[in-house]
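**Student:** Sharing a structure with you now.
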Amino acid sequence: MKRAYIAEALKGKDVDQEILVKGWVRTRRDSKGGFSFIELNDGSCFNNLQIIVDADLDNYQDEVIKLFPGSSISVKGTLVKSQGGGQSVEVKANEIKVYGFCDPDEYAVGKQRVSFERLREIAHLRVRTNTFGAVTRVRNKLAKATHDFFQERGFYYINTPIITANDCEGAGEMFRVTTLDPDAIPRNKDEVDYSKDFFGKESFLTVSGQLAVESFACGLSNAYTFGPTFRAENSNTSRHLAEFWMIEPEMAFADLADDADLAEEYIKYLITTVLNECAEDMDFFNKRIDKTILQTLAHVNESEFVRLSYTDAIDILSKSGQKFEFEPAWGNDLQTEHERFLTEKEFKKPIIVTDYPRDIKAFYMKQNDDGKTVAAMDVLVPKIGEIIGGSQREDNIQKLDSRIKEQGMELEPYWWYRDLRKFGNVPHAGFGLGFERMVQFVTGMDNIRDVIPFPRTPRSADF
RNA sequence: UCCUCGGUAGCUCAAUGGUAGAGUGGGUGACUGUUAAUCAUUAGGUUGUAGGUUCGAAUCCUACCCGAGGAGCCA
């Protein structure tokens, strides 16, 4: 007999048919009147399937009565209309086979409430909770929707390198990759001799696939990456990970306005997909995690994202009458408190801030004609803050070179990146979206460590 | 990295410097359909680690470890 998934069984199409289901026990309630109720979950959907186990079953006393939360079983029985109120169908079991028992004294994921902090210490088991099952299904759906969105629009999925020898991707501290023996590092005088290392030079884990995906967009028109990125920053916040996943689309023959339009369309596509296809999970988040999340997402979907220049943003902040710890001033980056004021109080929806001062942005961003700003954009959303950072890329080789030098870097390592401007140069633009921040935004989860299976943060790389 | 707060039963949390407690989960008993079942009863502790002050420390002091919130950095 073929195993049925609980998601299918709960649709109730096969009432009065024989059924075989397998999964993990969530709870067991006994009625000494002669039977027990088992709530079974197999991960195929949020809801559990109720199993009615009659005390007449051969292994009732020896096994069924010892099925604590976490135990794994298979159930053969009949799918019937439920007599109780909480569910429309349930299974009357003829046979319960136990795969594995679960000792409640040692198993921390019972039916009792457990804090997210505690669950992080048992991340290999937390997926068996309502919250993490729901997060995982939503995360999965967001990944699928990402590919659908870009594939439907003619973007090619590019696998950019994880290991890079560019010490220059321009985004923070990097993790070193080496096969050198730390107890016997080869040296030339005082310098480490990286010519003896695996790649013959210093190498690192990537902090961004952008430079590589630019080269593919400048040949295929539209390309995107969706891969892991690594930042060795000592960031201890609910919005940062040392290892996270990033989506980076890049479009040739596109400017900053095209970039902003793509970002807005993409975010709305993700939200629409999740609202339509993860309704049960989203209801759970709305009930238990953030009581405004469904309303917020619907609002975001309906509203047009505000386009606002950095200069205008500073102006609004200065005239707001709001007391800030850091006074907004042209030339300084927007502080978290400024971003929150704009997204949560002034506009109450996502905003796209464009044209930042060149001195606070990366070398590859296109310089505007005013000589002061660059064609950069940040998409800011309520609660999370920056969810997307992007720009039109500098396509003038002289300006690109002078920016590289201004930042005290060498031209030589960028030879291939600069070639893109020499051979069939085109205006192009793209952005990066932090995947975990998007999962946070959609689910309402407070801590980014709770929206990735096994989080990596400073001093923490368990599992 | 900085600031603030915290670490007590398997879990969630109480406890003026003076006998370490409750809820929940577990055991046992009761209940003919429960929905975080309910009721009764019972077991469960090196109070994060190492020092110190004190007649006496979960409580005060020092150092370290771990966690949370905020900031910076960013996605």
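By convention in this document, the chains of the structure tokens carry letters A, B, ... by their order, each chain's residues are numbered from 1, and ligands are numbered from 1 in the order they are shown.
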Show which residues sit within 10 Å of A36 in chain B, as a list in words. Count only C-alpha atoms (C1' of nucleotides), and ignore same-chain residues fewer than 3 positions away.

**Tutor:**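 The neighbour list is Thr27, Lys111, Gln112 and Arg113 of chain A; U24 of chain B.
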
**Student:** Just need the residues of chain B within 10 Å of chain A, counting only C-alpha atoms (C1' of nucleotides), so spit them out as a PyMOL selection string.

**Tutor:** chain B and resi 1+10-12+24-26+30-37+67-75

**Student:** Quick check, in Å to one decimal: how far apart do CA of Asp395 in chain A and CA of Pro427 in chain A lie?

**Tutor:**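 Going from CA of Asp395 in chain A over to CA of Pro427 in chain A covers 6.0 Å.
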
**Student:** Quick one: residues within 7 Å of range 411-414 of chain A, only C-alpha atoms (C1' of nucleotides), excluding same-chain residues fewer than 3 positions away - as a PyMOL selection string?

**Tutor:** chain A and resi 166+401+404+417-418

**Student:** Once you have the residues from the selection above, write them out as a CSV table (one decimal), in the first residue's frame, restricted to N, CA, C and O atoms.

**Tutor:**
chain,number,residue,atom,x,y,z
A,166,ASN,N,39.7,37.4,-5.4
A,166,ASN,CA,39.5,38.9,-5.4
A,166,ASN,C,39.4,39.3,-3.9
A,166,ASN,O,38.4,39.1,-3.3
A,401,ASP,N,38.1,53.7,-12.9
A,401,ASP,CA,39.5,53.6,-12.5
A,401,ASP,C,39.8,54.6,-11.4
A,401,ASP,O,40.5,54.3,-10.4
A,404,ILE,N,38.4,53.4,-8.1
A,404,ILE,CA,39.2,52.3,-7.5
A,404,ILE,C,40.5,52.9,-6.8
A,404,ILE,O,40.8,52.5,-5.7
A,417,TYR,N,37.3,42.8,-14.7
A,417,TYR,CA,36.1,43.6,-14.5
A,417,TYR,C,36.1,44.8,-15.3
A,417,TYR,O,35.1,45.3,-15.9
A,418,ARG,N,37.3,45.4,-15.5
A,418,ARG,CA,37.5,46.6,-16.3
A,418,ARG,C,37.3,46.3,-17.8
A,418,ARG,O,36.9,47.1,-18.5

**Student:** Using the chain letters and numbers from this document, which residues of range 335-433 of chain A does DSSP assign to helix (DSSP H, G or I), as a ChimeraX atom specification?

**Tutor:** /A:336-346,358-360,397-406,412-422

**Student:** Taking only C-alpha atoms (C1' of nucleotides) into account, name the residue in B:G56, B:A40, B:C61, B:G45 that is nearest to A20 in chain B.

**Tutor:** B:G45

**Student:** For Phe150 in chain A, find every residue with an atom within 9 Å (counting only C-alpha atoms (C1' of nucleotides)), except residues of its own chain fewer than 4 positions away, and show them as a PyMOL selection string.

**Tutor:** chain A and resi 145-146+154-157+222-224+249+266

**Student:** Which residues come within 8 Å of Val274 in chain A, counting only C-alpha atoms (C1' of nucleotides), excluding same-chain residues fewer than 6 positions away, as an MDAnalysis selection string?

**Tutor:** chainID A and resid 138 141:142 282

**Student:** To one decimal place in Å, what is the distance between CA of Arg459 in chain A and C1' of G48 in chain B?

**Tutor:**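 Calculated distance between CA of Arg459 in chain A and C1' of G48 in chain B is 17.0 Å.
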
**Student:** When you count only C-alpha atoms, which of these residues is closest to Phe149 in chain A: A:Glu202, A:Glu265, A:Glu63, A:Glu214?

**Tutor:**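 Under the stated criterion, the closest residue is A:Glu265.
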
**Student:** Could you tell me, as a PyMOL selection string, which residues of range 322-371 of chain A DSSP assigns to strand (DSSP E or B) when given the backbone?

**Tutor:** chain A and resi 351-357+365+367

**Student:** Selected residues, N, CA, C and O atoms, written as a PDB file, in the first residue's frame, please.

**Tutor:**
ATOM      1  N   ILE A 351      10.190  51.805   1.030  1.00  0.00           N
ATOM      2  CA  ILE A 351      10.639  52.952   0.260  1.00  0.00           C
ATOM      3  C   ILE A 351      11.953  52.602  -0.445  1.00  0.00           C
ATOM      4  O   ILE A 351      12.700  51.743   0.014  1.00  0.00           O
ATOM      5  N   ILE A 352      12.164  53.238  -1.573  1.00  0.00           N
ATOM      6  CA  ILE A 352      13.400  53.035  -2.316  1.00  0.00           C
ATOM      7  C   ILE A 352      14.164  54.343  -2.305  1.00  0.00           C
ATOM      8  O   ILE A 352      13.740  55.327  -2.914  1.00  0.00           O
ATOM      9  N   VAL A 353      15.247  54.355  -1.548  1.00  0.00           N
ATOM     10  CA  VAL A 353      16.073  55.567  -1.447  1.00  0.00           C
ATOM     11  C   VAL A 353      17.168  55.492  -2.509  1.00  0.00           C
ATOM     12  O   VAL A 353      17.862  54.474  -2.617  1.00  0.00           O
ATOM     13  N   THR A 354      17.295  56.544  -3.289  1.00  0.00           N
ATOM     14  CA  THR A 354      18.240  56.522  -4.417  1.00  0.00           C
ATOM     15  C   THR A 354      19.264  57.646  -4.293  1.00  0.00           C
ATOM     16  O   THR A 354      19.102  58.573  -3.489  1.00  0.00           O
ATOM     17  N   ASP A 355      20.292  57.556  -5.108  1.00  0.00           N
ATOM     18  CA  ASP A 355      21.261  58.647  -5.294  1.00  0.00           C
ATOM     19  C   ASP A 355      21.920  59.088  -3.984  1.00  0.00           C
ATOM     20  O   ASP A 355      21.749  60.219  -3.533  1.00  0.00           O
ATOM     21  N   TYR A 356      22.661  58.166  -3.415  1.00  0.00           N
ATOM     22  CA  TYR A 356      23.401  58.431  -2.171  1.00  0.00           C
ATOM     23  C   TYR A 356      24.685  59.190  -2.465  1.00  0.00           C
ATOM     24  O   TYR A 356      25.198  59.148  -3.592  1.00  0.00           O
ATOM     25  N   PRO A 357      25.228  59.851  -1.458  1.00  0.00           N
ATOM     26  CA  PRO A 357      26.537  60.494  -1.634  1.00  0.00           C
ATOM     27  C   PRO A 357      27.573  59.450  -2.062  1.00  0.00           C
ATOM     28  O   PRO A 357      27.598  58.355  -1.518  1.00  0.00           O
ATOM     29  N   MET A 365      29.648  51.830  -8.264  1.00  0.00           N
ATOM     30  CA  MET A 365      28.364  52.482  -8.522  1.00  0.00           C
ATOM     31  C   MET A 365      28.542  53.690  -9.441  1.00  0.00           C
ATOM     32  O   MET A 365      29.500  54.452  -9.316  1.00  0.00           O
ATOM     33  N   GLN A 367      28.610  57.131 -11.119  1.00  0.00           N
ATOM     34  CA  GLN A 367      28.602  58.505 -10.612  1.00  0.00           C
ATOM     35  C   GLN A 367      27.590  59.332 -11.398  1.00  0.00           C
ATOM     36  O   GLN A 367      27.534  59.275 -12.615  1.00  0.00           O
TER      37      GLN A 367
END

**Student:** Identify, on the basis of only C-alpha atoms (C1' of nucleotides), every residue whose closest approach to U8 in chain B does not exceed 10 Å; exclude the query and any residue fewer than 4 positions from it along the same chain; express the result as a list in words.

**Tutor:** C13, A14, A15, A20, G45, U47 and A58 of chain B

**Student:** For those residues, write N, CA and C atoms (P, O5', C5', C4', C3', O3' and C1' of nucleotides) to a file as a JSON list (two decimals), in the first residue's frame.

**Tutor:**
[["chain", "number", "residue", "atom", "x", "y", "z"],
["B", 13, "C", "P", 11.54, 32.13, 29.92],
["B", 13, "C", "O5'", 10.67, 32.51, 31.19],
["B", 13, "C", "C5'", 11.29, 32.87, 32.40],
["B", 13, "C", "C4'", 10.27, 32.75, 33.51],
["B", 13, "C", "C3'", 10.71, 33.28, 34.87],
["B", 13, "C", "O3'", 10.52, 34.68, 34.95],
["B", 13, "C", "C1'", 9.72, 31.16, 35.14],
["B", 14, "A", "P", 11.28, 35.53, 36.09],
["B", 14, "A", "O5'", 10.36, 35.23, 37.34],
["B", 14, "A", "C5'", 10.92, 34.79, 38.55],
["B", 14, "A", "C4'", 9.83, 34.59, 39.57],
["B", 14, "A", "C3'", 10.28, 34.89, 41.00],
["B", 14, "A", "O3'", 10.09, 36.25, 41.33],
["B", 14, "A", "C1'", 9.38, 32.72, 40.91],
["B", 15, "A", "P", 11.29, 37.09, 41.99],
["B", 15, "A", "O5'", 11.61, 36.28, 43.32],
["B", 15, "A", "C5'", 10.67, 36.28, 44.41],
["B", 15, "A", "C4'", 11.12, 35.29, 45.45],
["B", 15, "A", "C3'", 12.52, 35.54, 46.04],
["B", 15, "A", "O3'", 12.52, 36.49, 47.09],
["B", 15, "A", "C1'", 12.30, 33.27, 45.41],
["B", 20, "A", "P", 17.33, 25.24, 51.39],
["B", 20, "A", "O5'", 16.23, 25.48, 50.24],
["B", 20, "A", "C5'", 15.25, 26.49, 50.32],
["B", 20, "A", "C4'", 14.66, 26.80, 48.96],
["B", 20, "A", "C3'", 13.78, 25.73, 48.34],
["B", 20, "A", "O3'", 12.48, 25.84, 48.85],
["B", 20, "A", "C1'", 15.21, 26.71, 46.69],
["B", 45, "G", "P", 17.23, 15.92, 41.65],
["B", 45, "G", "O5'", 18.18, 16.86, 40.76],
["B", 45, "G", "C5'", 17.67, 17.89, 39.98],
["B", 45, "G", "C4'", 18.46, 19.16, 40.18],
["B", 45, "G", "C3'", 19.63, 19.08, 41.16],
["B", 45, "G", "O3'", 20.72, 19.83, 40.68],
["B", 45, "G", "C1'", 18.13, 20.75, 41.87],
["B", 47, "U", "P", 23.88, 24.56, 43.05],
["B", 47, "U", "O5'", 23.04, 24.91, 41.73],
["B", 47, "U", "C5'", 23.63, 25.63, 40.66],
["B", 47, "U", "C4'", 22.62, 26.57, 40.07],
["B", 47, "U", "C3'", 23.11, 28.02, 39.98],
["B", 47, "U", "O3'", 22.57, 28.58, 38.78],
["B", 47, "U", "C1'", 21.11, 27.94, 41.20],
["B", 58, "A", "P", 23.29, 29.83, 47.74],
["B", 58, "A", "O5'", 22.60, 30.03, 46.31],
["B", 58, "A", "C5'", 23.40, 30.09, 45.12],
["B", 58, "A", "C4'", 22.72, 30.94, 44.08],
["B", 58, "A", "C3'", 22.80, 32.44, 44.32],
["B", 58, "A", "O3'", 23.99, 32.97, 43.78],
["B", 58, "A", "C1'", 20.56, 31.82, 43.84]]
